[in-house]
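Asker: Next comes the structure file work-v2.cif, holding mmCIF, C-alpha atoms.
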```cif
data_query
loop_
_atom_site.group_PDB
_atom_site.id
_atom_site.type_symbol
_atom_site.label_atom_id
_atom_site.label_comp_id
_atom_site.auth_asym_id
_atom_site.auth_seq_id
_atom_site.Cartn_x
_atom_site.Cartn_y
_atom_site.Cartn_z
ATOM 1 C CA MET A 1 121.763 -18.061 -21.650
ATOM 2 C CA SER A 2 123.815 -17.941 -18.429
ATOM 3 C CA PRO A 3 123.149 -15.267 -15.783
ATOM 4 C CA LEU A 4 126.440 -13.542 -16.585
ATOM 5 C CA THR A 5 125.770 -13.568 -20.333
ATOM 6 C CA ALA A 6 122.332 -12.089 -19.716
ATOM 7 C CA ALA A 7 123.830 -9.364 -17.556
ATOM 8 C CA ALA A 8 126.302 -8.459 -20.291
ATOM 9 C CA ALA A 9 123.698 -8.615 -23.063
ATOM 10 C CA THR A 10 121.548 -5.947 -21.446
ATOM 11 C CA GLY A 11 124.199 -3.379 -22.234
ATOM 12 C CA GLU A 12 123.836 -1.848 -18.794
ATOM 13 C CA THR A 13 126.874 0.066 -17.610
ATOM 14 C CA ARG A 14 125.682 0.751 -14.085
ATOM 15 C CA ARG A 15 127.313 -1.177 -11.276
ATOM 16 C CA LEU A 16 125.411 -3.954 -9.589
ATOM 17 C CA SER A 17 124.800 -3.736 -5.867
ATOM 18 C CA ALA A 18 127.175 -5.833 -3.752
ATOM 19 C CA LEU A 19 124.359 -8.202 -2.784
ATOM 20 C CA GLY A 20 123.121 -8.471 -6.359
ATOM 21 C CA ALA A 21 126.600 -9.305 -7.612
ATOM 22 C CA VAL A 22 127.049 -12.001 -4.976
ATOM 23 C CA GLY A 23 123.693 -13.505 -5.879
ATOM 24 C CA LEU A 24 124.624 -13.528 -9.555
ATOM 25 C CA LEU A 25 127.922 -15.324 -8.906
ATOM 26 C CA VAL A 26 126.282 -17.883 -6.625
ATOM 27 C CA GLN A 27 123.599 -18.523 -9.243
ATOM 28 C CA ARG A 28 126.261 -18.973 -11.920
ATOM 29 C CA ASN A 29 128.145 -21.544 -9.843
ATOM 30 C CA TYR A 30 124.934 -23.362 -8.992
ATOM 31 C CA VAL A 31 124.093 -23.715 -12.679
ATOM 32 C CA VAL A 32 127.588 -25.078 -13.381
ATOM 33 C CA TYR A 33 127.605 -27.618 -10.550
ATOM 34 C CA ARG A 34 123.989 -28.759 -10.362
ATOM 35 C CA GLY A 35 124.660 -31.669 -12.726
ATOM 36 C CA ALA A 36 127.609 -32.849 -10.632
ATOM 37 C CA TRP A 37 126.184 -32.516 -7.111
ATOM 38 C CA TRP A 38 127.729 -35.847 -6.119
ATOM 39 C CA ILE A 39 131.234 -34.331 -6.033
ATOM 40 C CA PHE A 40 130.164 -32.381 -2.960
ATOM 41 C CA LEU A 41 129.885 -35.599 -0.986
ATOM 42 C CA SER A 42 133.655 -36.147 -0.766
ATOM 43 C CA GLY A 43 134.322 -33.226 1.543
ATOM 44 C CA PHE A 44 131.415 -34.197 3.781
ATOM 45 C CA LEU A 45 132.025 -37.937 4.033
ATOM 46 C CA GLU A 46 135.686 -37.658 5.036
ATOM 47 C CA PRO A 47 135.038 -36.132 8.499
ATOM 48 C CA VAL A 48 132.055 -38.442 8.981
ATOM 49 C CA PHE A 49 134.280 -41.478 8.416
ATOM 50 C CA TYR A 50 136.832 -40.058 10.836
ATOM 51 C CA LEU A 51 134.110 -39.550 13.420
ATOM 52 C CA PHE A 52 132.901 -43.139 13.214
ATOM 53 C CA SER A 53 136.341 -44.755 12.951
ATOM 54 C CA ILE A 54 138.256 -42.662 15.487
ATOM 55 C CA GLY A 55 135.633 -40.873 17.536
ATOM 56 C CA VAL A 56 133.419 -43.920 17.985
ATOM 57 C CA GLY A 57 135.765 -46.839 17.258
ATOM 58 C CA VAL A 58 138.861 -45.668 19.108
ATOM 59 C CA GLY A 59 136.568 -43.923 21.569
ATOM 60 C CA GLN A 60 135.652 -47.332 22.990
ATOM 61 C CA LEU A 61 139.240 -47.559 24.247
ATOM 62 C CA VAL A 62 139.443 -43.998 25.623
ATOM 63 C CA GLN A 63 137.668 -42.942 28.794
ATOM 64 C CA GLY A 64 137.224 -39.389 27.589
ATOM 65 C CA PHE A 65 138.717 -35.965 28.275
ATOM 66 C CA GLU A 66 138.086 -33.332 30.889
ATOM 67 C CA VAL A 67 136.568 -30.126 29.541
ATOM 68 C CA ASP A 68 136.017 -27.251 31.959
ATOM 69 C CA GLY A 69 136.007 -29.532 34.985
ATOM 70 C CA ARG A 70 133.794 -32.290 33.614
ATOM 71 C CA THR A 71 134.567 -35.385 31.610
ATOM 72 C CA ILE A 72 133.004 -35.876 28.184
ATOM 73 C CA GLU A 73 133.137 -38.984 26.048
ATOM 74 C CA TYR A 74 135.784 -39.150 23.355
ATOM 75 C CA ALA A 75 133.312 -38.980 20.461
ATOM 76 C CA ALA A 76 131.847 -35.756 21.881
ATOM 77 C CA PHE A 77 135.389 -34.374 22.072
ATOM 78 C CA VAL A 78 136.348 -35.332 18.521
ATOM 79 C CA ALA A 79 133.088 -34.420 16.760
ATOM 80 C CA PRO A 80 133.416 -30.600 17.106
ATOM 81 C CA GLY A 81 136.914 -30.846 15.655
ATOM 82 C CA MET A 82 135.558 -32.810 12.711
ATOM 83 C CA LEU A 83 132.838 -30.208 12.172
ATOM 84 C CA ALA A 84 135.400 -27.384 12.137
ATOM 85 C CA ALA A 85 137.524 -29.407 9.705
ATOM 86 C CA ALA A 86 134.470 -29.942 7.472
ATOM 87 C CA ALA A 87 133.907 -26.174 7.373
ATOM 88 C CA MET A 88 137.571 -25.658 6.486
ATOM 89 C CA ASN A 89 137.680 -28.323 3.770
ATOM 90 C CA GLY A 90 134.381 -27.328 2.193
ATOM 91 C CA SER A 91 135.464 -23.717 1.878
ATOM 92 C CA LEU A 92 138.993 -24.474 0.658
ATOM 93 C CA LEU A 93 137.895 -26.785 -2.160
ATOM 94 C CA ASP A 94 136.285 -23.956 -4.086
ATOM 95 C CA SER A 95 138.499 -21.105 -2.938
ATOM 96 C CA THR A 96 141.729 -22.802 -4.034
ATOM 97 C CA PHE A 97 141.507 -25.472 -6.769
ATOM 98 C CA ASN A 98 138.367 -24.206 -8.511
ATOM 99 C CA PHE A 99 139.325 -20.572 -8.018
ATOM 100 C CA PHE A 100 142.732 -21.223 -9.610
ATOM 101 C CA PHE A 101 141.158 -22.931 -12.633
ATOM 102 C CA LYS A 102 138.825 -19.989 -13.235
ATOM 103 C CA LEU A 103 141.643 -17.485 -12.778
ATOM 104 C CA LYS A 104 144.434 -19.119 -14.792
ATOM 105 C CA TYR A 105 142.892 -21.525 -17.297
ATOM 106 C CA SER A 106 139.248 -20.947 -18.184
ATOM 107 C CA LYS A 107 139.661 -17.153 -17.878
ATOM 108 C CA THR A 108 136.208 -17.052 -16.296
ATOM 109 C CA PHE A 109 136.965 -13.932 -14.279
ATOM 110 C CA GLU A 110 138.132 -12.002 -17.325
ATOM 111 C CA GLN A 111 134.809 -12.814 -18.986
ATOM 112 C CA MET A 112 132.964 -11.639 -15.869
ATOM 113 C CA LEU A 113 134.679 -8.271 -16.086
ATOM 114 C CA ALA A 114 132.968 -7.740 -19.461
ATOM 115 C CA THR A 115 129.706 -7.565 -17.480
ATOM 116 C CA PRO A 116 128.818 -4.985 -14.806
ATOM 117 C CA LEU A 117 130.835 -7.055 -12.297
ATOM 118 C CA GLY A 118 134.089 -5.776 -10.796
ATOM 119 C CA THR A 119 136.998 -7.565 -9.154
ATOM 120 C CA ARG A 120 135.600 -7.060 -5.660
ATOM 121 C CA ASP A 121 132.272 -8.480 -6.804
ATOM 122 C CA ILE A 122 134.122 -11.552 -8.058
ATOM 123 C CA ALA A 123 135.974 -11.951 -4.762
ATOM 124 C CA ARG A 124 132.816 -11.657 -2.683
ATOM 125 C CA GLY A 125 130.817 -13.921 -4.982
ATOM 126 C CA GLU A 126 133.421 -16.684 -5.042
ATOM 127 C CA LEU A 127 133.777 -16.479 -1.266
ATOM 128 C CA ALA A 128 130.002 -16.727 -0.861
ATOM 129 C CA TRP A 129 129.920 -19.856 -3.018
ATOM 130 C CA SER A 130 132.747 -21.528 -1.115
ATOM 131 C CA LEU A 131 131.009 -20.540 2.117
ATOM 132 C CA LEU A 132 127.785 -22.127 0.911
ATOM 133 C CA ARG A 133 129.621 -25.383 0.345
ATOM 134 C CA GLY A 134 131.392 -25.328 3.704
ATOM 135 C CA GLY A 135 128.172 -24.334 5.466
ATOM 136 C CA THR A 136 126.299 -27.230 3.880
ATOM 137 C CA TYR A 137 128.918 -29.690 5.110
ATOM 138 C CA SER A 138 128.804 -28.174 8.592
ATOM 139 C CA LEU A 139 125.008 -28.251 8.856
ATOM 140 C CA ALA A 140 124.822 -31.879 7.752
ATOM 141 C CA PHE A 141 127.571 -32.829 10.209
ATOM 142 C CA LEU A 142 125.866 -30.941 13.034
ATOM 143 C CA LEU A 143 122.644 -32.878 12.410
ATOM 144 C CA ILE A 144 124.616 -36.131 12.665
ATOM 145 C CA MET A 145 126.096 -34.962 15.970
ATOM 146 C CA VAL A 146 122.639 -34.164 17.329
ATOM 147 C CA ALA A 147 121.300 -37.543 16.204
ATOM 148 C CA MET A 148 124.199 -39.302 17.948
ATOM 149 C CA GLY A 149 123.705 -37.363 21.169
ATOM 150 C CA LEU A 150 127.052 -35.581 20.909
ATOM 151 C CA VAL A 151 125.634 -32.108 21.613
ATOM 152 C CA SER A 152 125.022 -31.242 25.255
ATOM 153 C CA SER A 153 124.202 -27.521 25.254
ATOM 154 C CA TRP A 154 121.768 -25.055 23.738
ATOM 155 C CA TRP A 155 124.817 -22.958 22.839
ATOM 156 C CA ALA A 156 124.970 -25.321 19.856
ATOM 157 C CA VAL A 157 122.443 -23.110 18.041
ATOM 158 C CA LEU A 158 125.447 -20.869 17.346
ATOM 159 C CA VAL A 159 127.533 -23.680 15.871
ATOM 160 C CA LEU A 160 126.410 -23.046 12.297
ATOM 161 C CA PRO A 161 127.293 -19.312 12.419
ATOM 162 C CA ALA A 162 130.633 -20.308 13.959
ATOM 163 C CA ALA A 163 131.230 -22.812 11.154
ATOM 164 C CA LEU A 164 130.393 -20.133 8.576
ATOM 165 C CA LEU A 165 132.933 -17.835 10.200
ATOM 166 C CA ILE A 166 135.543 -20.603 9.936
ATOM 167 C CA GLY A 167 134.614 -21.016 6.279
ATOM 168 C CA VAL A 168 134.918 -17.273 5.599
ATOM 169 C CA ALA A 169 138.390 -17.155 7.177
ATOM 170 C CA PHE A 170 139.756 -20.152 5.300
ATOM 171 C CA GLY A 171 138.013 -19.184 2.073
ATOM 172 C CA ALA A 172 139.425 -15.650 2.113
ATOM 173 C CA VAL A 173 142.939 -16.806 2.947
ATOM 174 C CA GLY A 174 142.674 -19.653 0.430
ATOM 175 C CA MET A 175 141.750 -17.279 -2.395
ATOM 176 C CA ALA A 176 144.475 -14.833 -1.372
ATOM 177 C CA LEU A 177 147.171 -17.500 -1.465
ATOM 178 C CA THR A 178 145.826 -18.942 -4.717
ATOM 179 C CA THR A 179 146.411 -15.642 -6.509
ATOM 180 C CA PHE A 180 150.149 -16.171 -5.930
ATOM 181 C CA MET A 181 150.211 -19.726 -7.303
ATOM 182 C CA ARG A 182 151.788 -20.339 -10.694
ATOM 183 C CA SER A 183 150.914 -23.989 -11.444
ATOM 184 C CA TRP A 184 149.001 -26.975 -10.122
ATOM 185 C CA GLN A 185 152.170 -28.214 -8.412
ATOM 186 C CA ASP A 186 151.910 -25.301 -6.000
ATOM 187 C CA PHE A 187 148.814 -26.902 -4.509
ATOM 188 C CA GLU A 188 151.078 -29.374 -2.747
ATOM 189 C CA TYR A 189 151.601 -26.524 -0.292
ATOM 190 C CA VAL A 190 147.871 -26.498 0.456
ATOM 191 C CA THR A 191 148.010 -30.136 1.528
ATOM 192 C CA LEU A 192 151.259 -29.478 3.381
ATOM 193 C CA ALA A 193 149.477 -26.803 5.413
ATOM 194 C CA THR A 194 146.025 -28.329 5.943
ATOM 195 C CA LEU A 195 147.085 -31.861 6.921
ATOM 196 C CA PRO A 196 149.095 -30.789 10.009
ATOM 197 C CA LEU A 197 146.297 -28.380 10.924
ATOM 198 C CA PHE A 198 143.788 -31.213 10.744
ATOM 199 C CA LEU A 199 145.893 -33.600 12.830
ATOM 200 C CA PHE A 200 147.302 -31.267 15.474
ATOM 201 C CA SER A 201 144.730 -28.526 16.111
ATOM 202 C CA ALA A 202 143.365 -30.272 19.233
ATOM 203 C CA THR A 203 141.120 -32.217 16.903
ATOM 204 C CA PHE A 204 141.857 -35.654 18.327
ATOM 205 C CA PHE A 205 143.495 -34.806 21.658
ATOM 206 C CA PRO A 206 143.857 -31.751 23.931
ATOM 207 C CA VAL A 207 146.538 -29.197 23.202
ATOM 208 C CA ASP A 208 147.889 -29.895 26.713
ATOM 209 C CA ALA A 209 149.510 -33.023 25.288
ATOM 210 C CA PHE A 210 152.093 -30.840 23.511
ATOM 211 C CA PRO A 211 155.181 -29.259 25.043
ATOM 212 C CA THR A 212 154.451 -25.707 26.173
ATOM 213 C CA TRP A 213 156.269 -24.019 23.277
ATOM 214 C CA LEU A 214 154.487 -26.164 20.693
ATOM 215 C CA ALA A 215 151.123 -25.628 22.372
ATOM 216 C CA TRP A 216 151.593 -21.875 21.924
ATOM 217 C CA VAL A 217 152.255 -22.390 18.215
ATOM 218 C CA VAL A 218 149.167 -24.584 17.820
ATOM 219 C CA GLU A 219 146.984 -22.073 19.662
ATOM 220 C CA GLY A 220 147.921 -19.478 17.047
ATOM 221 C CA THR A 221 146.656 -21.523 14.103
ATOM 222 C CA PRO A 222 143.262 -20.819 12.495
ATOM 223 C CA LEU A 223 141.818 -24.322 12.686
ATOM 224 C CA TYR A 224 142.635 -24.573 16.392
ATOM 225 C CA ARG A 225 140.704 -21.352 16.990
ATOM 226 C CA GLY A 226 137.790 -22.816 15.051
ATOM 227 C CA VAL A 227 137.903 -26.105 16.954
ATOM 228 C CA VAL A 228 137.943 -24.292 20.300
ATOM 229 C CA LEU A 229 134.961 -22.178 19.291
ATOM 230 C CA VAL A 230 132.847 -25.096 18.066
ATOM 231 C CA ARG A 231 133.810 -27.386 20.974
ATOM 232 C CA GLU A 232 132.894 -24.802 23.578
ATOM 233 C CA LEU A 233 129.530 -24.244 21.911
ATOM 234 C CA THR A 234 128.618 -27.938 21.655
ATOM 235 C CA THR A 235 129.710 -28.723 25.217
ATOM 236 C CA GLY A 236 128.354 -25.554 26.819
ATOM 237 C CA THR A 237 131.749 -24.508 28.185
ATOM 238 C CA VAL A 238 131.829 -21.082 26.549
ATOM 239 C CA SER A 239 134.707 -18.935 27.802
ATOM 240 C CA ALA A 240 136.882 -16.010 26.792
ATOM 241 C CA ALA A 241 138.666 -18.376 24.406
ATOM 242 C CA SER A 242 135.571 -18.296 22.170
ATOM 243 C CA ALA A 243 135.711 -14.499 21.982
ATOM 244 C CA VAL A 244 139.408 -14.681 21.109
ATOM 245 C CA SER A 245 138.597 -17.189 18.361
ATOM 246 C CA VAL A 246 135.865 -14.978 16.887
ATOM 247 C CA VAL A 247 138.128 -11.909 16.778
ATOM 248 C CA TYR A 248 140.989 -13.970 15.328
ATOM 249 C CA LEU A 249 138.839 -15.408 12.527
ATOM 250 C CA VAL A 250 137.243 -12.044 11.695
ATOM 251 C CA VAL A 251 140.648 -10.380 11.385
ATOM 252 C CA LEU A 252 141.887 -13.260 9.220
ATOM 253 C CA SER A 253 138.821 -12.946 6.977
ATOM 254 C CA VAL A 254 139.222 -9.196 6.468
ATOM 255 C CA ALA A 255 142.948 -9.497 5.797
ATOM 256 C CA GLY A 256 142.386 -12.294 3.281
ATOM 257 C CA MET A 257 139.733 -10.360 1.368
ATOM 258 C CA LEU A 258 141.893 -7.239 1.208
ATOM 259 C CA VAL A 259 144.719 -9.254 -0.344
ATOM 260 C CA VAL A 260 142.358 -10.981 -2.799
ATOM 261 C CA SER A 261 140.898 -7.677 -3.995
ATOM 262 C CA ARG A 262 144.300 -6.107 -4.575
ATOM 263 C CA ARG A 263 145.706 -9.185 -6.276
ATOM 264 C CA LEU A 264 142.719 -9.505 -8.632
ATOM 265 C CA ASP A 265 143.081 -5.820 -9.556
ATOM 266 C CA ARG A 266 146.703 -6.462 -10.418
ATOM 267 C CA LEU A 267 146.143 -9.740 -12.281
ATOM 268 C CA LEU A 268 142.979 -8.852 -14.197
ATOM 269 C CA LEU A 269 143.058 -5.100 -14.682
ATOM 270 C CA SER A 270 146.754 -4.324 -15.245
#
```
How does the structure come out when it is put into structure tokens?

Answerer:
Amino acid sequence: MSPLTAAAATGETRRLSALGAVGLLVQRNYVVYRGAWWIFLSGFLEPVFYLFSIGVGVGQLVQGFEVDGRTIEYAAFVAPGMLAAAAMNGSLLDSTFNFFFKLKYSKTFEQMLATPLGTRDIARGELAWSLLRGGTYSLAFLLIMVAMGLVSSWWAVLVLPAALLIGVAFGAVGMALTTFMRSWQDFEYVTLATLPLFLFSATFFPVDAFPTWLAWVVEGTPLYRGVVLVRELTTGTVSAASAVSVVYLVVLSVAGMLVVSRRLDRLLLS
């Protein structure tokens, strides 16, 4: 018997606590995916391959970039961007494609509402699961960076919380946008949005390489804010830009969750 079925079978009408509901949803997803753990490797291996091919391979041809008055090797510049991208990708995989399948096809969320769970419980639980996936990718990638000597500051102890914040922001926005999607073809827009973010968010080269007007646009994108935050932590060049990034990502997370909650109320309860 699944955790959700057990919760429904008890006949309890009382509401679960927010933490209890999140734990129940995470447990449910774990049970579903534990036999297919290998699919989680795809989102982790992609940034690792980029790191070795571009950060290390191309890095042999690049002298490095100046960060806060000192020059760092190219691999140390690229790696934080790859870590931020891993947090983004890991969170988006579950908060978009899998979330859409549960919402539109398997009707999983409608079944959940027959238990003591509510729509906000579903939103928080699904976000927690996507965050767990993105956080796992980020932690594994951070360990690779440490092993390769690409971390030069004790500020790096805050990299994992920063990666989780990136995951929360993208997961919340991903779920919010998914509630508006009508078919699988709409997911082309996800790729259309994430690919430019991945390539042009100062991941592979400084934002100074852009014309001034374009640099301002890039600096307003969520992945750029995440890359700045992680890069400053791993290189020890923490500045006001990190505080701006934290506030930006928190606001994005709250806004995304508000939209998700309202949309699920409309789609599942009306």

Asker: Mind checking which residues fall within 8 Å of stretch 155-167 of chain A, counting all atoms listed in the file, ignoring those fewer than 4 positions away in the same chain, and posting them as a PyMOL selection string?

Answerer: chain A and resi 83-84+87-88+90-92+130-131+134-135+138-139+142+151+171+223+226+229-230+233-236+246+249-250

Asker: Under the PyMOL selection byres ((chain A and resi 256) around 10), which residues of this model are included? Write them out as a list in words.

Answerer: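 Given this file, the PyMOL selection byres ((chain A and resi 256) around 10) evaluates to Val168, Ala169, Phe170, Gly171, Ala172, Val173, Gly174, Met175, Ala176, Leu177, Val250, Val251, Leu252, Ser253, Val254, Ala255, Met257, Leu258, Val259, Val260 and Ser261 of chain A.
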
Asker: Mind checking which residues fall within 8 Å of A:Ala85, counting only C-alpha atoms, ignoring those fewer than 6 positions away in the same chain, and posting them as a PyMOL selection string?

Answerer: chain A and resi 47+198+223+227

Asker: Can you tell me how far atom CA of A:Leu264 sits from atom CA of A:Arg120, in Å to one decimal?

Answerer: 8.1 Å

Asker: Quick one: residues within 9 Å of A:Phe77, all atoms listed in the file, excluding same-chain residues fewer than 2 positions away - as a ChimeraX atom specification?

Answerer: /A:55,64-65,67,72-75,79-81,150,203-205,231,235

Asker: What does the distance from atom CA of A:Tyr33 to atom CA of A:Arg263 come to in Å, to one decimal?

Answerer: 26.2 Å

Asker: Using Å and a single decimal, report how far atom CA of A:Leu51 sits from atom CA of A:Phe200.

Answerer: 15.7 Å

Asker: Residues within 10 Å of A:Val22, please, as an mmCIF file with C-alpha atoms, in the coordinates of the input. Count only C-alpha atoms; anything in the same chain fewer than 6 positions from it doesn't count.

Answerer:
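Final output, saved to selection08.cif:
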```cif
data_model
loop_
_atom_site.group_PDB
_atom_site.id
_atom_site.type_symbol
_atom_site.label_atom_id
_atom_site.label_comp_id
_atom_site.auth_asym_id
_atom_site.auth_seq_id
_atom_site.Cartn_x
_atom_site.Cartn_y
_atom_site.Cartn_z
ATOM 1 C CA LEU A 16 125.411 -3.954 -9.589
ATOM 2 C CA ARG A 28 126.261 -18.973 -11.920
ATOM 3 C CA LEU A 117 130.835 -7.055 -12.297
ATOM 4 C CA ARG A 120 135.600 -7.060 -5.660
ATOM 5 C CA ASP A 121 132.272 -8.480 -6.804
ATOM 6 C CA ILE A 122 134.122 -11.552 -8.058
ATOM 7 C CA ALA A 123 135.974 -11.951 -4.762
ATOM 8 C CA ARG A 124 132.816 -11.657 -2.683
ATOM 9 C CA GLY A 125 130.817 -13.921 -4.982
ATOM 10 C CA GLU A 126 133.421 -16.684 -5.042
ATOM 11 C CA LEU A 127 133.777 -16.479 -1.266
ATOM 12 C CA ALA A 128 130.002 -16.727 -0.861
ATOM 13 C CA TRP A 129 129.920 -19.856 -3.018
#
```

Asker: Mind checking which residues fall within 10 Å of A:Gly220, counting only C-alpha atoms, ignoring those fewer than 3 positions away in the same chain, and posting them as number ranges by chain?

Answerer: A: 201, 215-217, 223-225, 245, 248

Asker: Output C-alpha atoms for every residue in the selection just made, as a compact mmCIF listing (two decimals), keeping the file's coordinate frame.

Answerer:
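Result saved to part08.txt:
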```txt
# COMPACT_ATOMS: atom_id res chain seq x y z
CA SER A 201 144.73 -28.53 16.11
CA ALA A 215 151.12 -25.63 22.37
CA TRP A 216 151.59 -21.88 21.92
CA VAL A 217 152.26 -22.39 18.22
CA LEU A 223 141.82 -24.32 12.69
CA TYR A 224 142.64 -24.57 16.39
CA ARG A 225 140.70 -21.35 16.99
CA SER A 245 138.60 -17.19 18.36
CA TYR A 248 140.99 -13.97 15.33
```

Asker: Which residue is closest to A:Met112? Choose from A:Leu199, A:Ala18, A:Val238, A:Leu25 and count only C-alpha atoms.

Answerer: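 Result for the nearest residue to A:Met112: A:Leu25.
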
Asker: Given only C-alpha atoms as the basis, pick out the residue of A:Ala209, A:Leu103, A:Ala76, A:Val218 nearest to A:Ser183.

Answerer: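 Checking each of A:Ala209, A:Leu103, A:Ala76, A:Val218 against A:Ser183, counting only C-alpha atoms, the winner is A:Leu103.
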
Asker: Pick out the closest residue to A:Gln27 from this set: A:Phe49, A:Leu132, A:Thr191, A:Asp186. Count all atoms listed in the file.

Answerer: A:Leu132
